[in-house]
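Have a look at data.pdb; it's PDB, C-alpha atoms, pLDDT in the B column:
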```
ATOM      1  CA  MET A 195      -5.177 -29.517 -30.370  1.00 54.00           C
ATOM      2  CA  ASN A 196      -6.726 -26.287 -29.108  1.00 55.00           C
ATOM      3  CA  THR A 197     -10.466 -26.195 -29.840  1.00 57.00           C
ATOM      4  CA  ASN A 198     -10.997 -22.677 -28.510  1.00 67.00           C
ATOM      5  CA  HIS A 199     -10.703 -21.323 -32.051  1.00 68.00           C
ATOM      6  CA  LYS A 200     -12.760 -22.388 -35.054  1.00 75.00           C
ATOM      7  CA  LEU A 201     -10.717 -21.557 -38.136  1.00 80.00           C
ATOM      8  CA  ARG A 202     -12.124 -21.666 -41.634  1.00 80.00           C
ATOM      9  CA  LEU A 203      -9.089 -23.578 -42.858  1.00 78.00           C
ATOM     10  CA  GLY A 204      -9.023 -26.962 -41.139  1.00 79.00           C
ATOM     11  CA  PRO A 205      -6.107 -29.352 -40.643  1.00 80.00           C
ATOM     12  CA  LEU A 206      -3.915 -29.554 -43.724  1.00 78.00           C
ATOM     13  CA  PRO A 207      -3.904 -32.637 -45.953  1.00 77.00           C
ATOM     14  CA  LYS A 208      -0.629 -34.039 -47.283  1.00 79.00           C
ATOM     15  CA  THR A 209      -0.307 -33.205 -50.995  1.00 76.00           C
ATOM     16  CA  GLU A 210       2.200 -33.127 -53.840  1.00 81.00           C
ATOM     17  CA  SER A 211       3.667 -29.670 -54.495  1.00 79.00           C
ATOM     18  CA  VAL A 212       5.238 -27.508 -57.185  1.00 81.00           C
ATOM     19  CA  LYS A 213       7.107 -24.288 -56.510  1.00 85.00           C
ATOM     20  CA  LEU A 214       5.315 -21.037 -57.290  1.00 84.00           C
ATOM     21  CA  THR A 215       6.639 -17.564 -56.470  1.00 90.00           C
ATOM     22  CA  PHE A 216       4.449 -14.476 -56.130  1.00 89.00           C
ATOM     23  CA  PHE A 217       4.486 -11.018 -54.563  1.00 95.00           C
ATOM     24  CA  CYS A 218       1.943  -9.766 -52.034  1.00 95.00           C
ATOM     25  CA  PRO A 219       1.533  -6.580 -50.016  1.00 97.00           C
ATOM     26  CA  SER A 220       3.446  -6.532 -46.726  1.00 97.00           C
ATOM     27  CA  ASP A 221       0.242  -6.121 -44.709  1.00 98.00           C
ATOM     28  CA  LEU A 222      -1.161  -9.304 -46.312  1.00 96.00           C
ATOM     29  CA  LYS A 223       2.039 -11.173 -45.417  1.00 95.00           C
ATOM     30  CA  THR A 224       1.664  -9.973 -41.823  1.00 97.00           C
ATOM     31  CA  GLU A 225      -1.926 -11.245 -41.714  1.00 97.00           C
ATOM     32  CA  LEU A 226      -0.913 -14.577 -43.283  1.00 96.00           C
ATOM     33  CA  ASP A 227       1.777 -14.975 -40.622  1.00 96.00           C
ATOM     34  CA  ARG A 228      -0.769 -14.230 -37.885  1.00 96.00           C
ATOM     35  CA  TYR A 229      -3.175 -16.774 -39.364  1.00 94.00           C
ATOM     36  CA  ALA A 230      -0.386 -19.375 -39.589  1.00 95.00           C
ATOM     37  CA  ALA A 231       0.483 -18.843 -35.909  1.00 95.00           C
ATOM     38  CA  LEU A 232      -3.155 -19.238 -34.888  1.00 95.00           C
ATOM     39  CA  HIS A 233      -3.533 -22.310 -37.133  1.00 94.00           C
ATOM     40  CA  ALA A 234      -0.453 -23.892 -35.522  1.00 93.00           C
ATOM     41  CA  GLN A 235      -1.791 -23.127 -32.040  1.00 94.00           C
ATOM     42  CA  THR A 236      -5.242 -24.481 -32.903  1.00 93.00           C
ATOM     43  CA  TYR A 237      -4.138 -27.734 -34.543  1.00 91.00           C
ATOM     44  CA  GLY A 238      -0.918 -28.341 -32.601  1.00 92.00           C
ATOM     45  CA  GLU A 239       1.269 -28.583 -35.697  1.00 91.00           C
ATOM     46  CA  ALA A 240       3.816 -25.924 -36.589  1.00 92.00           C
ATOM     47  CA  THR A 241       3.136 -24.336 -39.961  1.00 90.00           C
ATOM     48  CA  ASP A 242       3.826 -21.098 -41.777  1.00 90.00           C
ATOM     49  CA  ALA A 243       2.092 -18.916 -44.343  1.00 92.00           C
ATOM     50  CA  LEU A 244       3.891 -20.573 -47.251  1.00 91.00           C
ATOM     51  CA  VAL A 245       2.296 -23.897 -46.340  1.00 89.00           C
ATOM     52  CA  LEU A 246      -1.165 -22.397 -45.820  1.00 91.00           C
ATOM     53  CA  ILE A 247      -1.410 -20.277 -48.974  1.00 92.00           C
ATOM     54  CA  PRO A 248      -1.988 -23.151 -51.455  1.00 90.00           C
ATOM     55  CA  HIS A 249      -4.714 -24.622 -49.238  1.00 88.00           C
ATOM     56  CA  MET A 250      -6.368 -21.225 -48.874  1.00 92.00           C
ATOM     57  CA  LEU A 251      -6.325 -20.712 -52.647  1.00 92.00           C
ATOM     58  CA  ALA A 252      -7.679 -24.216 -53.311  1.00 89.00           C
ATOM     59  CA  ALA A 253     -10.495 -23.628 -50.819  1.00 89.00           C
ATOM     60  CA  PHE A 254     -11.287 -20.256 -52.392  1.00 91.00           C
ATOM     61  CA  MET A 255     -11.408 -21.693 -55.911  1.00 91.00           C
ATOM     62  CA  ALA A 256     -13.480 -24.698 -54.818  1.00 89.00           C
ATOM     63  CA  ARG A 257     -16.114 -22.329 -53.399  1.00 89.00           C
ATOM     64  CA  ASP A 258     -16.127 -19.861 -56.322  1.00 90.00           C
ATOM     65  CA  ARG A 259     -19.423 -20.648 -58.046  1.00 86.00           C
ATOM     66  CA  GLY A 260     -18.630 -18.485 -61.062  1.00 88.00           C
ATOM     67  CA  PHE A 261     -15.394 -20.348 -61.634  1.00 85.00           C
ATOM     68  CA  ARG A 262     -17.047 -23.722 -61.199  1.00 83.00           C
ATOM     69  CA  ARG A 263     -19.901 -22.772 -63.559  1.00 84.00           C
ATOM     70  CA  GLY A 264     -17.386 -21.705 -66.196  1.00 80.00           C
ATOM     71  CA  ASP A 265     -15.977 -25.227 -66.355  1.00 68.00           C
ATOM     72  CA  ALA A 266     -17.491 -27.230 -69.230  1.00 55.00           C
ATOM     73  CA  LYS A 267     -17.827 -30.366 -67.095  1.00 61.00           C
ATOM     74  CA  GLY A 268     -19.282 -28.499 -64.131  1.00 53.00           C
ATOM     75  CA  LYS A 269     -16.419 -29.609 -61.902  1.00 58.00           C
ATOM     76  CA  THR A 270     -12.941 -28.126 -61.627  1.00 53.00           C
ATOM     77  CA  PRO A 271      -9.829 -30.265 -61.096  1.00 58.00           C
ATOM     78  CA  LEU A 272      -9.494 -28.770 -57.607  1.00 55.00           C
ATOM     79  CA  ALA A 273     -12.974 -29.887 -56.651  1.00 48.00           C
ATOM     80  CA  SER A 274     -11.895 -33.504 -56.967  1.00 46.00           C
ATOM     81  CA  THR A 275      -8.724 -33.266 -54.857  1.00 48.00           C
ATOM     82  CA  LYS A 276      -8.200 -33.482 -51.124  1.00 46.00           C
ATOM     83  CA  SER A 277      -7.202 -29.802 -51.144  1.00 44.00           C
ATOM     84  CA  ALA A 278     -10.753 -28.932 -52.154  1.00 42.00           C
ATOM     85  CA  ASP A 279     -11.932 -30.572 -48.938  1.00 47.00           C
ATOM     86  CA  ALA A 280     -10.463 -27.535 -47.217  1.00 44.00           C
ATOM     87  CA  GLY A 281     -13.113 -25.508 -49.068  1.00 42.00           C
ATOM     88  CA  ARG A 282     -15.809 -27.406 -47.236  1.00 41.00           C
ATOM     89  CA  ALA A 283     -14.162 -26.366 -43.975  1.00 44.00           C
ATOM     90  CA  LEU A 284     -14.774 -22.766 -45.010  1.00 42.00           C
ATOM     91  CA  GLU A 285     -18.547 -23.192 -45.101  1.00 38.00           C
TER      92      GLU A 285
END
```
Now, as a test, write the supplied structure out as structure tokens.
Amino acid sequence: MNTNHKLRLGPLPKTESVKLTFFCPSDLKTELDRYAALHAQTYGEATDALVLIPHMLAAFMARDRGFRRGDAKGKTPLASTKSADAGRALE
């Protein structure tokens, strides 16, 4: 593991998945690929943007105070999963 870089998205937890397809701008895909390469170099485990995207989104949603406040219970489903732990790595 290379500790020269401190990435906001930490090591990835193992989770259950469902397939989701979306379109993004080509420059965003390029940046996601660059991030995936740096993440793989940092944590010593090969990964690609498709693996990182769900963890990035979960972390984003876990940290979105407006979204969390809008939930009647004060806690979103993501906040109680391991994926939300990635959000803490962003702080």
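What the PyMOL selection byres ((chain A and resi 241) around 12) grabs from this file is Pro205, Leu206, Leu226, Asp227, Arg228, Tyr229, Ala230, Ala231, Leu232, His233, Ala234, Gln235, Thr236, Tyr237, Gly238, Glu239, Ala240, Asp242, Ala243, Leu244, Val245, Leu246 and Ile247 of chain A.
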Next, the residues of the selection above should be written as a PDB file, in the coordinates of the input with C-alpha atoms.
```pdb
ATOM      1  CA  PRO A 205      -6.107 -29.352 -40.643  1.00 80.00           C
ATOM      2  CA  LEU A 206      -3.915 -29.554 -43.724  1.00 78.00           C
ATOM      3  CA  LEU A 226      -0.913 -14.577 -43.283  1.00 96.00           C
ATOM      4  CA  ASP A 227       1.777 -14.975 -40.622  1.00 96.00           C
ATOM      5  CA  ARG A 228      -0.769 -14.230 -37.885  1.00 96.00           C
ATOM      6  CA  TYR A 229      -3.175 -16.774 -39.364  1.00 94.00           C
ATOM      7  CA  ALA A 230      -0.386 -19.375 -39.589  1.00 95.00           C
ATOM      8  CA  ALA A 231       0.483 -18.843 -35.909  1.00 95.00           C
ATOM      9  CA  LEU A 232      -3.155 -19.238 -34.888  1.00 95.00           C
ATOM     10  CA  HIS A 233      -3.533 -22.310 -37.133  1.00 94.00           C
ATOM     11  CA  ALA A 234      -0.453 -23.892 -35.522  1.00 93.00           C
ATOM     12  CA  GLN A 235      -1.791 -23.127 -32.040  1.00 94.00           C
ATOM     13  CA  THR A 236      -5.242 -24.481 -32.903  1.00 93.00           C
ATOM     14  CA  TYR A 237      -4.138 -27.734 -34.543  1.00 91.00           C
ATOM     15  CA  GLY A 238      -0.918 -28.341 -32.601  1.00 92.00           C
ATOM     16  CA  GLU A 239       1.269 -28.583 -35.697  1.00 91.00           C
ATOM     17  CA  ALA A 240       3.816 -25.924 -36.589  1.00 92.00           C
ATOM     18  CA  ASP A 242       3.826 -21.098 -41.777  1.00 90.00           C
ATOM     19  CA  ALA A 243       2.092 -18.916 -44.343  1.00 92.00           C
ATOM     20  CA  LEU A 244       3.891 -20.573 -47.251  1.00 91.00           C
ATOM     21  CA  VAL A 245       2.296 -23.897 -46.340  1.00 89.00           C
ATOM     22  CA  LEU A 246      -1.165 -22.397 -45.820  1.00 91.00           C
ATOM     23  CA  ILE A 247      -1.410 -20.277 -48.974  1.00 92.00           C
TER      24      ILE A 247
END
```
From atom CA of A:Met250 to atom CA of A:Arg202 the spacing works out at 9.3 Å
In Å and to one decimal, atom CA of A:Phe261 is distant from atom CA of A:Leu203 by 20.1 Å
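For the pair atom CA of A:Leu201 and atom CA of A:Arg263, the interatomic distance is 27.1 Å.
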Around stretch 217-228 of chain A, fit a box with edges along x, y and z, padding it by 4 Å on each side, then list its centre and edge lengths in Å to one decimal as lines of an AutoDock Vina configuration file.
```
center_x = 1.3
center_y = -10.5
center_z = -46.2
size_x = 14.4
size_y = 16.9
size_z = 24.7
```
- Item | Counting all atoms listed in the file, the option among A:Gly264, A:Arg259, A:Lys200, A:Pro248 closest to A:Lys213 |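 Once distances to A:Lys213 are computed over all atoms listed in the file, the minimum belongs to A:Pro248.
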